[in-house]
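One structure below.
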Amino acid sequence: MARKVLVLGEVRDGFLRNVSFEAIGAAKQVADGGKVVGVLIGERIQTLSNEFIQYGADRVVTVENDKLSQYTSDGFAQALLAVIDQEKPDGIIFGHTALGKDLAPLIAGKLGSGLISDVTTIEETGGNLVFIRPIYSGKAFEKKIVTNGLIFATIRPNNIQPLAKDESRSGEITSLSVDIKDLRTIIKDVVRKASEGVDLSEAKVIVAGGRGVKSKEGFEPLKELAKVLGGAVGASRGACDADYCDYSLQIGQTGKVVTPDLYIACGISGAIQHLAGMSNSKVIVAINKDPEANIFQVADYGIVGDLFEVVPLLTQEFKKVLVSV
Ligand code: FAD
């Protein structure tokens, strides 16, 4: 059944986040031959509309307003509800990001619809669209179908394939003027924590350190390895609690949930709360000097050894291999 599906594009530092393109990939599956309409909300977003179309949106609706220059839930909700009212979609897809986690339940509540959050796979079985999402910290998977009404889902970054960019694609771009009223919060400025390199939640490679890294300086070899692999550095809560790194790097139940292609866990024991944030990574490599460490239960490759010996050796070898490619 052909459906019209809206996809909210997420803009950060003037660029569309990769998860927005993955959301278009998901929306194409839900649309089942129908139209995918990209929605861009903010300020100075016109130039991004073409890129959204090149990644598969059939057309784009923009809502520009100086009150939307920074994300606020009530501002973005007003803008998006106006687009929904105009477009009357059969489906809506967001990224399961900090923004998506905040905005999607609010919109679902306002529309009185259901919401399937944190979807990692969408399948077609027996004529039904089946949405699969991890539950119990990734120990089990739940399958959901929508029997009637709006199909509203958020998708976990790095799980659903985006379509290949096609620069020859074109589509209509229209703007909708929305009067944004009575904002409860006005964000004057966003002061970002200094972070180097790749965004952890979208990184394809993560080198994570635990309490076994032993100090702030102990993270240096991990940063070096991450740099060579074009990846990001992450951490266990043990490392954050010990003040070896910032809490923004924490992965796990109370930190970020990540699904990179490659996760290298260095000096991390593999507590259940840590596994909750990374066990769905495609390939897991664990480096730990304790052969009984729990992390080896989920690892595809395990190296029993001292991380301060193993990590520099890996960096050295990757440098050679990657330079010769
Ligand atoms: P440890 O358990 O101390 O493990 C250190 C490991 O390093 C050991 O396995 C040791 O063998 C190894 N090691 C030591 N030296 C070396 C070396 N030189 N070379 C190689 N290996 C070495 N934790 C999270 O990570 N994320 C969360 O989101 C999270 N949320 C939590 C929520 C709650 C409600 C609770 C109660 C706990 C949570 N935790 C979380 C904490 C979790 O239970 C563990 O305490 C934490 O993950 C342990 O961190 P760690 O593996 O770095 O440290």
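As shown in the structure tokens, the chain order sets the letters A, B, ...; within each chain, residues go from 1, and ligands are also counted from 1 in the order they appear.
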- Query: Hey, which residues come within 7 Å of ligand 1 if we count only C-alpha atoms and all ligand atoms? Could you give them as a PyMOL selection string?
  - Reply: chain A and resi 209-213+235-239+250-255+266-274+277+287-290+293+305-308
Now that the selection is made, can you save its residues with N, CA and C atoms as an mmCIF file, in the first residue's frame?
```cif
data_model
loop_
_atom_site.group_PDB
_atom_site.id
_atom_site.type_symbol
_atom_site.label_atom_id
_atom_site.label_comp_id
_atom_site.auth_asym_id
_atom_site.auth_seq_id
_atom_site.Cartn_x
_atom_site.Cartn_y
_atom_site.Cartn_z
ATOM 1 N N GLY A 209 37.538 3.154 26.143
ATOM 2 C CA GLY A 209 38.415 2.821 27.259
ATOM 3 C C GLY A 209 37.641 2.687 28.543
ATOM 4 N N GLY A 210 38.125 1.802 29.412
ATOM 5 C CA GLY A 210 37.498 1.603 30.715
ATOM 6 C C GLY A 210 38.454 1.965 31.835
ATOM 7 N N ARG A 211 38.113 1.489 33.029
ATOM 8 C CA ARG A 211 38.947 1.792 34.192
ATOM 9 C C ARG A 211 40.367 1.256 34.010
ATOM 10 N N GLY A 212 40.492 0.230 33.143
ATOM 11 C CA GLY A 212 41.811 -0.343 32.867
ATOM 12 C C GLY A 212 42.762 0.629 32.199
ATOM 13 N N VAL A 213 42.243 1.745 31.687
ATOM 14 C CA VAL A 213 43.083 2.753 31.031
ATOM 15 C C VAL A 213 43.894 3.548 32.079
ATOM 16 N N ALA A 235 33.866 5.603 26.216
ATOM 17 C CA ALA A 235 34.343 5.184 27.536
ATOM 18 C C ALA A 235 33.268 4.418 28.285
ATOM 19 N N SER A 236 33.718 3.682 29.289
ATOM 20 C CA SER A 236 32.775 3.052 30.219
ATOM 21 C C SER A 236 32.492 4.070 31.331
ATOM 22 N N ARG A 237 31.477 3.767 32.103
ATOM 23 C CA ARG A 237 31.208 4.676 33.224
ATOM 24 C C ARG A 237 32.336 4.607 34.247
ATOM 25 N N GLY A 238 32.959 3.438 34.333
ATOM 26 C CA GLY A 238 34.092 3.299 35.258
ATOM 27 C C GLY A 238 35.148 4.352 34.963
ATOM 28 N N ALA A 239 35.459 4.533 33.672
ATOM 29 C CA ALA A 239 36.473 5.521 33.281
ATOM 30 C C ALA A 239 35.979 6.949 33.548
ATOM 31 N N GLN A 250 30.511 8.618 27.738
ATOM 32 C CA GLN A 250 30.020 7.367 28.353
ATOM 33 C C GLN A 250 29.057 6.591 27.454
ATOM 34 N N ILE A 251 29.335 5.308 27.346
ATOM 35 C CA ILE A 251 28.495 4.409 26.545
ATOM 36 C C ILE A 251 27.831 3.428 27.493
ATOM 37 N N GLY A 252 26.551 3.188 27.296
ATOM 38 C CA GLY A 252 25.888 2.194 28.148
ATOM 39 C C GLY A 252 24.475 2.576 28.483
ATOM 40 N N GLN A 253 23.945 1.875 29.455
ATOM 41 C CA GLN A 253 22.550 2.052 29.858
ATOM 42 C C GLN A 253 22.243 3.504 30.209
ATOM 43 N N THR A 254 23.153 4.152 30.926
ATOM 44 C CA THR A 254 22.914 5.541 31.313
ATOM 45 C C THR A 254 23.795 6.497 30.500
ATOM 46 N N GLY A 255 24.376 5.983 29.434
ATOM 47 C CA GLY A 255 25.171 6.827 28.531
ATOM 48 C C GLY A 255 24.606 6.715 27.125
ATOM 49 N N CYS A 266 38.740 -1.407 25.314
ATOM 50 C CA CYS A 266 40.076 -1.540 25.918
ATOM 51 C C CYS A 266 39.980 -1.379 27.439
ATOM 52 N N GLY A 267 40.321 -2.405 28.170
ATOM 53 C CA GLY A 267 40.296 -2.314 29.637
ATOM 54 C C GLY A 267 38.907 -2.079 30.177
ATOM 55 N N ILE A 268 37.915 -2.731 29.561
ATOM 56 C CA ILE A 268 36.511 -2.634 30.002
ATOM 57 C C ILE A 268 36.069 -4.032 30.394
ATOM 58 N N SER A 269 35.475 -4.175 31.601
ATOM 59 C CA SER A 269 35.171 -5.526 32.086
ATOM 60 C C SER A 269 33.961 -6.135 31.381
ATOM 61 N N GLY A 270 33.013 -5.268 30.921
ATOM 62 C CA GLY A 270 31.833 -5.801 30.229
ATOM 63 C C GLY A 270 30.650 -5.972 31.157
ATOM 64 N N ALA A 271 30.467 -5.004 32.069
ATOM 65 C CA ALA A 271 29.287 -5.028 32.946
ATOM 66 C C ALA A 271 28.043 -4.907 32.071
ATOM 67 N N ILE A 272 26.933 -5.486 32.561
ATOM 68 C CA ILE A 272 25.689 -5.509 31.784
ATOM 69 C C ILE A 272 25.267 -4.093 31.360
ATOM 70 N N GLN A 273 25.513 -3.111 32.262
ATOM 71 C CA GLN A 273 25.105 -1.739 31.931
ATOM 72 C C GLN A 273 25.948 -1.172 30.799
ATOM 73 N N HIS A 274 27.181 -1.630 30.654
ATOM 74 C CA HIS A 274 27.996 -1.171 29.519
ATOM 75 C C HIS A 274 27.550 -1.883 28.240
ATOM 76 N N GLY A 277 24.828 -0.575 25.968
ATOM 77 C CA GLY A 277 25.067 0.528 25.025
ATOM 78 C C GLY A 277 25.849 0.151 23.794
ATOM 79 N N ILE A 287 39.996 -6.000 24.369
ATOM 80 C CA ILE A 287 41.381 -6.127 24.829
ATOM 81 C C ILE A 287 41.325 -6.037 26.350
ATOM 82 N N ASN A 288 41.704 -7.119 27.005
ATOM 83 C CA ASN A 288 41.618 -7.131 28.467
ATOM 84 C C ASN A 288 42.653 -8.110 28.999
ATOM 85 N N LYS A 289 43.275 -7.773 30.118
ATOM 86 C CA LYS A 289 44.305 -8.707 30.598
ATOM 87 C C LYS A 289 43.721 -9.858 31.412
ATOM 88 N N ASP A 290 42.414 -9.750 31.736
ATOM 89 C CA ASP A 290 41.765 -10.841 32.467
ATOM 90 C C ASP A 290 41.023 -11.739 31.467
ATOM 91 N N ALA A 293 37.245 -11.975 31.778
ATOM 92 C CA ALA A 293 36.416 -10.753 31.739
ATOM 93 C C ALA A 293 35.150 -10.997 30.908
ATOM 94 N N GLY A 305 45.562 -9.413 26.959
ATOM 95 C CA GLY A 305 46.856 -8.750 27.056
ATOM 96 C C GLY A 305 46.725 -7.371 27.668
ATOM 97 N N ASP A 306 47.873 -6.735 27.817
ATOM 98 C CA ASP A 306 47.926 -5.393 28.409
ATOM 99 C C ASP A 306 47.624 -4.373 27.307
ATOM 100 N N LEU A 307 46.593 -3.579 27.534
ATOM 101 C CA LEU A 307 46.169 -2.633 26.488
ATOM 102 C C LEU A 307 47.285 -1.662 26.113
ATOM 103 N N PHE A 308 48.171 -1.358 27.080
ATOM 104 C CA PHE A 308 49.239 -0.390 26.782
ATOM 105 C C PHE A 308 50.295 -0.986 25.841
#
```
Would you write out, as a Markdown table, a table of all residues in stretch 143-220 of chain A that have an atom no more than 7 Å from an atom of stretch 44-64 of chain A, listing for each the closest atom pair and the distance in Å to one decimal, considering only C-alpha atoms and ordering rows by chain and rising residue number?
```
| residue | atom | partner | partner_atom | distance |
| --- | --- | --- | --- | --- |
| A:Leu163 | CA | A:Tyr55 | CA | 5.9 |
| A:Ala164 | CA | A:Tyr55 | CA | 6.4 |
| A:Lys165 | CA | A:Tyr55 | CA | 4.8 |
| A:Asp166 | CA | A:Gln54 | CA | 4.9 |
| A:Glu167 | CA | A:Gln54 | CA | 5.4 |
| A:Arg169 | CA | A:Gln54 | CA | 5.3 |
| A:Ser170 | CA | A:Ile53 | CA | 6.3 |
| A:Gly171 | CA | A:Arg59 | CA | 4.9 |
| A:Glu172 | CA | A:Arg59 | CA | 4.8 |
| A:Ile173 | CA | A:Val60 | CA | 4.8 |
| A:Thr174 | CA | A:Val61 | CA | 5.0 |
| A:Ser175 | CA | A:Thr62 | CA | 4.6 |
| A:Leu176 | CA | A:Val63 | CA | 5.3 |
| A:Ser177 | CA | A:Val63 | CA | 6.1 |
| A:Val178 | CA | A:Val63 | CA | 6.9 |
```
For those residues, write all heavy atoms to a file as an mmCIF file, in the first residue's frame.
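Output file result.cif follows:
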```cif
data_model
loop_
_atom_site.group_PDB
_atom_site.id
_atom_site.type_symbol
_atom_site.label_atom_id
_atom_site.label_comp_id
_atom_site.auth_asym_id
_atom_site.auth_seq_id
_atom_site.Cartn_x
_atom_site.Cartn_y
_atom_site.Cartn_z
ATOM 1 N N LEU A 163 20.004 5.439 1.306
ATOM 2 C CA LEU A 163 20.149 5.209 -0.135
ATOM 3 C C LEU A 163 21.426 5.908 -0.575
ATOM 4 O O LEU A 163 21.895 6.841 0.084
ATOM 5 C CB LEU A 163 18.963 5.804 -0.898
ATOM 6 C CG LEU A 163 17.567 5.356 -0.449
ATOM 7 C CD1 LEU A 163 16.512 6.025 -1.316
ATOM 8 C CD2 LEU A 163 17.426 3.844 -0.552
ATOM 9 N N ALA A 164 21.969 5.472 -1.698
ATOM 10 C CA ALA A 164 23.164 6.150 -2.225
ATOM 11 C C ALA A 164 22.770 7.549 -2.704
ATOM 12 O O ALA A 164 21.658 7.749 -3.199
ATOM 13 C CB ALA A 164 23.734 5.347 -3.378
ATOM 14 N N LYS A 165 23.678 8.492 -2.523
ATOM 15 C CA LYS A 165 23.400 9.875 -2.954
ATOM 16 C C LYS A 165 23.331 9.918 -4.482
ATOM 17 O O LYS A 165 24.189 9.343 -5.163
ATOM 18 C CB LYS A 165 24.524 10.774 -2.448
ATOM 19 C CG LYS A 165 24.264 12.242 -2.669
ATOM 20 C CD LYS A 165 25.346 13.062 -2.007
ATOM 21 C CE LYS A 165 25.046 14.538 -2.118
ATOM 22 N NZ LYS A 165 26.054 15.370 -1.502
ATOM 23 N N ASP A 166 22.308 10.549 -5.013
ATOM 24 C CA ASP A 166 22.153 10.649 -6.466
ATOM 25 C C ASP A 166 22.015 12.134 -6.812
ATOM 26 O O ASP A 166 20.949 12.730 -6.611
ATOM 27 C CB ASP A 166 20.906 9.855 -6.883
ATOM 28 C CG ASP A 166 20.614 9.983 -8.376
ATOM 29 O OD1 ASP A 166 21.325 10.740 -9.070
ATOM 30 O OD2 ASP A 166 19.655 9.336 -8.835
ATOM 31 N N GLU A 167 23.099 12.713 -7.308
ATOM 32 C CA GLU A 167 23.109 14.173 -7.518
ATOM 33 C C GLU A 167 22.215 14.600 -8.660
ATOM 34 O O GLU A 167 21.945 15.790 -8.831
ATOM 35 C CB GLU A 167 24.549 14.647 -7.715
ATOM 36 C CG GLU A 167 25.318 14.457 -6.421
ATOM 37 C CD GLU A 167 26.675 15.099 -6.376
ATOM 38 O OE1 GLU A 167 27.089 15.698 -7.365
ATOM 39 O OE2 GLU A 167 27.311 14.975 -5.305
ATOM 40 N N ARG A 169 19.086 13.726 -8.911
ATOM 41 C CA ARG A 169 17.686 13.795 -8.446
ATOM 42 C C ARG A 169 17.260 15.236 -8.201
ATOM 43 O O ARG A 169 18.034 16.046 -7.698
ATOM 44 C CB ARG A 169 17.518 13.025 -7.127
ATOM 45 C CG ARG A 169 17.301 11.545 -7.292
ATOM 46 C CD ARG A 169 17.155 10.921 -5.923
ATOM 47 N NE ARG A 169 15.978 11.424 -5.218
ATOM 48 C CZ ARG A 169 14.774 10.895 -5.304
ATOM 49 N NH1 ARG A 169 14.574 9.827 -6.038
ATOM 50 N NH2 ARG A 169 13.759 11.421 -4.632
ATOM 51 N N SER A 170 16.015 15.521 -8.525
ATOM 52 C CA SER A 170 15.501 16.850 -8.181
ATOM 53 C C SER A 170 14.080 16.688 -7.653
ATOM 54 O O SER A 170 13.459 15.639 -7.853
ATOM 55 C CB SER A 170 15.527 17.768 -9.401
ATOM 56 O OG SER A 170 14.727 17.211 -10.399
ATOM 57 N N GLY A 171 13.598 17.695 -6.987
ATOM 58 C CA GLY A 171 12.245 17.616 -6.422
ATOM 59 C C GLY A 171 11.808 18.993 -5.978
ATOM 60 O O GLY A 171 12.616 19.919 -5.889
ATOM 61 N N GLU A 172 10.530 19.096 -5.696
ATOM 62 C CA GLU A 172 9.960 20.391 -5.323
ATOM 63 C C GLU A 172 10.364 20.760 -3.880
ATOM 64 O O GLU A 172 10.373 19.904 -2.993
ATOM 65 C CB GLU A 172 8.436 20.257 -5.408
ATOM 66 C CG GLU A 172 7.693 21.553 -5.276
ATOM 67 C CD GLU A 172 6.176 21.314 -5.155
ATOM 68 O OE1 GLU A 172 5.759 20.153 -4.966
ATOM 69 O OE2 GLU A 172 5.454 22.302 -5.229
ATOM 70 N N ILE A 173 10.694 22.033 -3.690
ATOM 71 C CA ILE A 173 10.996 22.519 -2.334
ATOM 72 C C ILE A 173 10.014 23.651 -2.046
ATOM 73 O O ILE A 173 9.963 24.636 -2.787
ATOM 74 C CB ILE A 173 12.453 23.040 -2.246
ATOM 75 C CG1 ILE A 173 13.432 21.921 -2.621
ATOM 76 C CG2 ILE A 173 12.749 23.579 -0.856
ATOM 77 C CD1 ILE A 173 14.840 22.389 -2.898
ATOM 78 N N THR A 174 9.207 23.477 -1.013
ATOM 79 C CA THR A 174 8.236 24.527 -0.684
ATOM 80 C C THR A 174 8.477 24.981 0.748
ATOM 81 O O THR A 174 8.985 24.206 1.572
ATOM 82 C CB THR A 174 6.785 24.007 -0.795
ATOM 83 O OG1 THR A 174 6.691 22.804 -0.045
ATOM 84 C CG2 THR A 174 6.382 23.756 -2.225
ATOM 85 N N SER A 175 8.129 26.217 1.020
ATOM 86 C CA SER A 175 8.293 26.645 2.406
ATOM 87 C C SER A 175 6.927 26.931 3.012
ATOM 88 O O SER A 175 5.993 27.366 2.313
ATOM 89 C CB SER A 175 9.223 27.852 2.495
ATOM 90 O OG SER A 175 8.626 28.929 1.861
ATOM 91 N N LEU A 176 6.824 26.639 4.275
ATOM 92 C CA LEU A 176 5.571 26.865 4.995
ATOM 93 C C LEU A 176 5.860 27.910 6.064
ATOM 94 O O LEU A 176 6.824 27.776 6.828
ATOM 95 C CB LEU A 176 5.112 25.539 5.629
ATOM 96 C CG LEU A 176 3.820 25.587 6.434
ATOM 97 C CD1 LEU A 176 2.620 25.872 5.538
ATOM 98 C CD2 LEU A 176 3.607 24.254 7.158
ATOM 99 N N SER A 177 5.035 28.928 6.094
ATOM 100 C CA SER A 177 5.251 29.966 7.097
ATOM 101 C C SER A 177 4.434 29.614 8.346
ATOM 102 O O SER A 177 3.232 29.371 8.253
ATOM 103 C CB SER A 177 4.824 31.295 6.461
ATOM 104 O OG SER A 177 4.612 32.224 7.445
ATOM 105 N N VAL A 178 5.104 29.539 9.470
ATOM 106 C CA VAL A 178 4.402 29.178 10.710
ATOM 107 C C VAL A 178 4.689 30.270 11.743
ATOM 108 O O VAL A 178 5.841 30.650 11.954
ATOM 109 C CB VAL A 178 4.881 27.799 11.248
ATOM 110 C CG1 VAL A 178 4.107 27.419 12.507
ATOM 111 C CG2 VAL A 178 4.750 26.713 10.194
#
```
- Enumerate as number ranges by chain all residues of stretch 126-252 of chain A assigned to strand (DSSP E or B) by DSSP on the backbone, naming them with the chain letters and numbers the document uses. A: 128-135, 140-144, 151-155, 172-175, 205-209, 232-235, 250-251
Take the residues from that selection and write them out as an mmCIF file, in the first residue's frame, keeping C-alpha atoms.
```cif
data_model
loop_
_atom_site.group_PDB
_atom_site.id
_atom_site.type_symbol
_atom_site.label_atom_id
_atom_site.label_comp_id
_atom_site.auth_asym_id
_atom_site.auth_seq_id
_atom_site.Cartn_x
_atom_site.Cartn_y
_atom_site.Cartn_z
ATOM 1 C CA ASN A 128 2.807 -6.482 7.268
ATOM 2 C CA LEU A 129 5.519 -3.953 8.001
ATOM 3 C CA VAL A 130 7.359 -5.283 11.035
ATOM 4 C CA PHE A 131 9.396 -2.875 13.176
ATOM 5 C CA ILE A 132 12.115 -4.535 15.244
ATOM 6 C CA ARG A 133 13.556 -2.840 18.332
ATOM 7 C CA PRO A 134 15.898 -4.017 21.086
ATOM 8 C CA ILE A 135 14.453 -4.321 24.595
ATOM 9 C CA ALA A 140 15.845 -9.397 23.409
ATOM 10 C CA PHE A 141 14.135 -7.954 20.363
ATOM 11 C CA GLU A 142 10.534 -6.880 20.096
ATOM 12 C CA LYS A 143 8.600 -7.000 16.806
ATOM 13 C CA LYS A 144 5.781 -4.526 16.305
ATOM 14 C CA ILE A 151 2.895 4.784 11.424
ATOM 15 C CA PHE A 152 5.254 6.808 13.613
ATOM 16 C CA ALA A 153 8.759 5.519 14.377
ATOM 17 C CA THR A 154 12.193 6.688 15.454
ATOM 18 C CA ILE A 155 15.201 4.798 14.081
ATOM 19 C CA GLU A 172 9.960 20.391 -5.323
ATOM 20 C CA ILE A 173 10.996 22.519 -2.334
ATOM 21 C CA THR A 174 8.236 24.527 -0.684
ATOM 22 C CA SER A 175 8.293 26.645 2.406
ATOM 23 C CA VAL A 205 34.501 2.925 14.493
ATOM 24 C CA ILE A 206 34.709 3.443 18.270
ATOM 25 C CA VAL A 207 37.732 2.835 20.460
ATOM 26 C CA ALA A 208 36.449 2.785 24.043
ATOM 27 C CA GLY A 209 38.415 2.821 27.259
ATOM 28 C CA ALA A 232 35.645 8.266 17.827
ATOM 29 C CA VAL A 233 36.731 7.635 21.413
ATOM 30 C CA GLY A 234 34.185 6.329 23.920
ATOM 31 C CA ALA A 235 34.343 5.184 27.536
ATOM 32 C CA GLN A 250 30.020 7.367 28.353
ATOM 33 C CA ILE A 251 28.495 4.409 26.545
#
```
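Nearest residue to A:Ala226 among A:Pro312, A:Leu103, A:Val283, A:Glu43 is A:Pro312, counting only C-alpha atoms.
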Applying 9 Å and only C-alpha atoms, which residues near A:Ser215 remain after dropping the ones on its own chain fewer than 5 positions away? List them as a PDB file with all heavy atoms, in the first residue's frame.
```pdb
ATOM      1  N   ALA A 239      35.459   4.533  33.672  1.00  0.00           N
ATOM      2  CA  ALA A 239      36.473   5.521  33.281  1.00  0.00           C
ATOM      3  C   ALA A 239      35.979   6.949  33.548  1.00  0.00           C
ATOM      4  O   ALA A 239      36.753   7.806  33.986  1.00  0.00           O
ATOM      5  CB  ALA A 239      36.826   5.346  31.808  1.00  0.00           C
ATOM      6  N   ALA A 242      35.981   7.732  37.278  1.00  0.00           N
ATOM      7  CA  ALA A 242      37.351   7.917  37.786  1.00  0.00           C
ATOM      8  C   ALA A 242      37.963   9.220  37.260  1.00  0.00           C
ATOM      9  O   ALA A 242      39.131   9.494  37.525  1.00  0.00           O
ATOM     10  CB  ALA A 242      38.209   6.726  37.364  1.00  0.00           C
ATOM     11  N   ASP A 243      37.166   9.976  36.481  1.00  0.00           N
ATOM     12  CA  ASP A 243      37.602  11.269  35.944  1.00  0.00           C
ATOM     13  C   ASP A 243      38.750  11.137  34.915  1.00  0.00           C
ATOM     14  O   ASP A 243      39.555  12.040  34.769  1.00  0.00           O
ATOM     15  CB  ASP A 243      38.015  12.202  37.107  1.00  0.00           C
ATOM     16  CG  ASP A 243      37.944  13.673  36.694  1.00  0.00           C
ATOM     17  OD1 ASP A 243      37.252  13.972  35.711  1.00  0.00           O
ATOM     18  OD2 ASP A 243      38.606  14.504  37.355  1.00  0.00           O
ATOM     19  N   TYR A 244      38.788   9.993  34.234  1.00  0.00           N
ATOM     20  CA  TYR A 244      39.793   9.848  33.177  1.00  0.00           C
ATOM     21  C   TYR A 244      39.327  10.540  31.897  1.00  0.00           C
ATOM     22  O   TYR A 244      40.121  10.803  31.002  1.00  0.00           O
ATOM     23  CB  TYR A 244      40.045   8.373  32.825  1.00  0.00           C
ATOM     24  CG  TYR A 244      40.496   7.502  33.971  1.00  0.00           C
ATOM     25  CD1 TYR A 244      40.362   6.117  33.892  1.00  0.00           C
ATOM     26  CD2 TYR A 244      41.076   8.051  35.116  1.00  0.00           C
ATOM     27  CE1 TYR A 244      40.777   5.301  34.931  1.00  0.00           C
ATOM     28  CE2 TYR A 244      41.483   7.231  36.151  1.00  0.00           C
ATOM     29  CZ  TYR A 244      41.319   5.868  36.055  1.00  0.00           C
ATOM     30  OH  TYR A 244      41.721   5.052  37.087  1.00  0.00           O
ATOM     31  N   CYS A 245      38.002  10.762  31.800  1.00  0.00           N
ATOM     32  CA  CYS A 245      37.450  11.398  30.594  1.00  0.00           C
ATOM     33  C   CYS A 245      36.100  12.000  30.941  1.00  0.00           C
ATOM     34  O   CYS A 245      35.583  11.794  32.044  1.00  0.00           O
ATOM     35  CB  CYS A 245      37.299  10.365  29.482  1.00  0.00           C
ATOM     36  SG  CYS A 245      36.175   9.055  29.926  1.00  0.00           S
TER      37      CYS A 245
END
```
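Note that the spacing between atom CA of A:Ala26 and atom CA of A:Ala79 amounts to 22.4 Å.
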- Going by DSSP on the backbone, which bits of stretch 45-249 of chain A are alpha helix (DSSP H)? Write them as an MDAnalysis selection string, please. chainID A and resid 46:54 73:87 98:111 220:228 237:241
Keeping C-alpha atoms for every residue in the selection just given, could you write it to a file as a JSON list (two decimals), in the first residue's frame?
```
[["chain", "number", "residue", "atom", "x", "y", "z"],
["A", 46, "GLN", "CA", 17.18, 26.06, 2.05],
["A", 47, "THR", "CA", 20.55, 24.85, 0.78],
["A", 48, "LEU", "CA", 20.19, 21.53, 2.63],
["A", 49, "SER", "CA", 16.89, 20.72, 0.91],
["A", 50, "ASN", "CA", 18.60, 19.64, -2.32],
["A", 51, "GLU", "CA", 20.86, 17.25, -0.43],
["A", 52, "PHE", "CA", 17.80, 15.73, 1.25],
["A", 53, "ILE", "CA", 16.30, 15.11, -2.19],
["A", 54, "GLN", "CA", 19.57, 13.64, -3.49],
["A", 73, "SER", "CA", 10.59, 21.21, 21.87],
["A", 74, "ASP", "CA", 7.66, 23.64, 21.82],
["A", 75, "GLY", "CA", 9.05, 25.64, 18.84],
["A", 76, "PHE", "CA", 9.81, 22.59, 16.71],
["A", 77, "ALA", "CA", 6.53, 20.93, 17.75],
["A", 78, "GLN", "CA", 4.54, 23.94, 16.53],
["A", 79, "ALA", "CA", 6.40, 23.93, 13.21],
["A", 80, "LEU", "CA", 6.12, 20.18, 12.67],
["A", 81, "LEU", "CA", 2.45, 20.01, 13.67],
["A", 82, "ALA", "CA", 1.73, 22.68, 11.05],
["A", 83, "VAL", "CA", 3.51, 20.58, 8.40],
["A", 84, "ILE", "CA", 1.63, 17.44, 9.52],
["A", 85, "ASP", "CA", -1.64, 19.36, 9.33],
["A", 86, "GLN", "CA", -0.82, 20.46, 5.78],
["A", 87, "GLU", "CA", 0.56, 17.12, 4.52],
["A", 98, "ALA", "CA", 18.49, 13.35, 21.60],
["A", 99, "LEU", "CA", 16.20, 15.55, 19.48],
["A", 100, "GLY", "CA", 14.10, 12.62, 18.23],
["A", 101, "LYS", "CA", 13.74, 11.17, 21.72],
["A", 102, "ASP", "CA", 12.50, 14.53, 22.97],
["A", 103, "LEU", "CA", 10.24, 15.56, 20.09],
["A", 104, "ALA", "CA", 8.68, 12.30, 18.86],
["A", 105, "PRO", "CA", 6.72, 11.46, 22.05],
["A", 106, "LEU", "CA", 5.53, 15.06, 22.26],
["A", 107, "ILE", "CA", 4.23, 14.97, 18.68],
["A", 108, "ALA", "CA", 2.71, 11.50, 19.16],
["A", 109, "GLY", "CA", 0.97, 12.77, 22.31],
["A", 110, "LYS", "CA", -0.41, 15.84, 20.49],
["A", 111, "LEU", "CA", -1.65, 13.67, 17.61],
["A", 220, "GLU", "CA", 46.15, 8.97, 24.57],
["A", 221, "PRO", "CA", 47.00, 5.65, 22.82],
["A", 222, "LEU", "CA", 43.23, 5.06, 22.33],
["A", 223, "LYS", "CA", 42.83, 8.52, 20.76],
["A", 224, "GLU", "CA", 45.73, 7.75, 18.44],
["A", 225, "LEU", "CA", 44.16, 4.45, 17.35],
["A", 226, "ALA", "CA", 40.76, 6.11, 16.84],
["A", 227, "LYS", "CA", 42.41, 8.81, 14.73],
["A", 228, "VAL", "CA", 44.12, 6.27, 12.48],
["A", 237, "ARG", "CA", 31.21, 4.68, 33.22],
["A", 238, "GLY", "CA", 34.09, 3.30, 35.26],
["A", 239, "ALA", "CA", 36.47, 5.52, 33.28],
["A", 240, "CYS", "CA", 34.14, 8.54, 33.54],
["A", 241, "ASP", "CA", 33.58, 8.10, 37.29]]
```
- Message: I'd like the neighbourhood of stretch 257-259 of chain A as a ChimeraX atom specification, where a residue qualifies if any of its atoms comes within 8 Å (using only C-alpha atoms), though same-chain residues fewer than 6 positions away should be ignored.
- Response: /A:157-159,200-202,204,251,276-282
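Compared by their closest atoms to A:Thr147, and using only C-alpha atoms, the residues A:Val19, A:Lys188, A:Gly114, A:Asp182 rank with A:Gly114 nearest.
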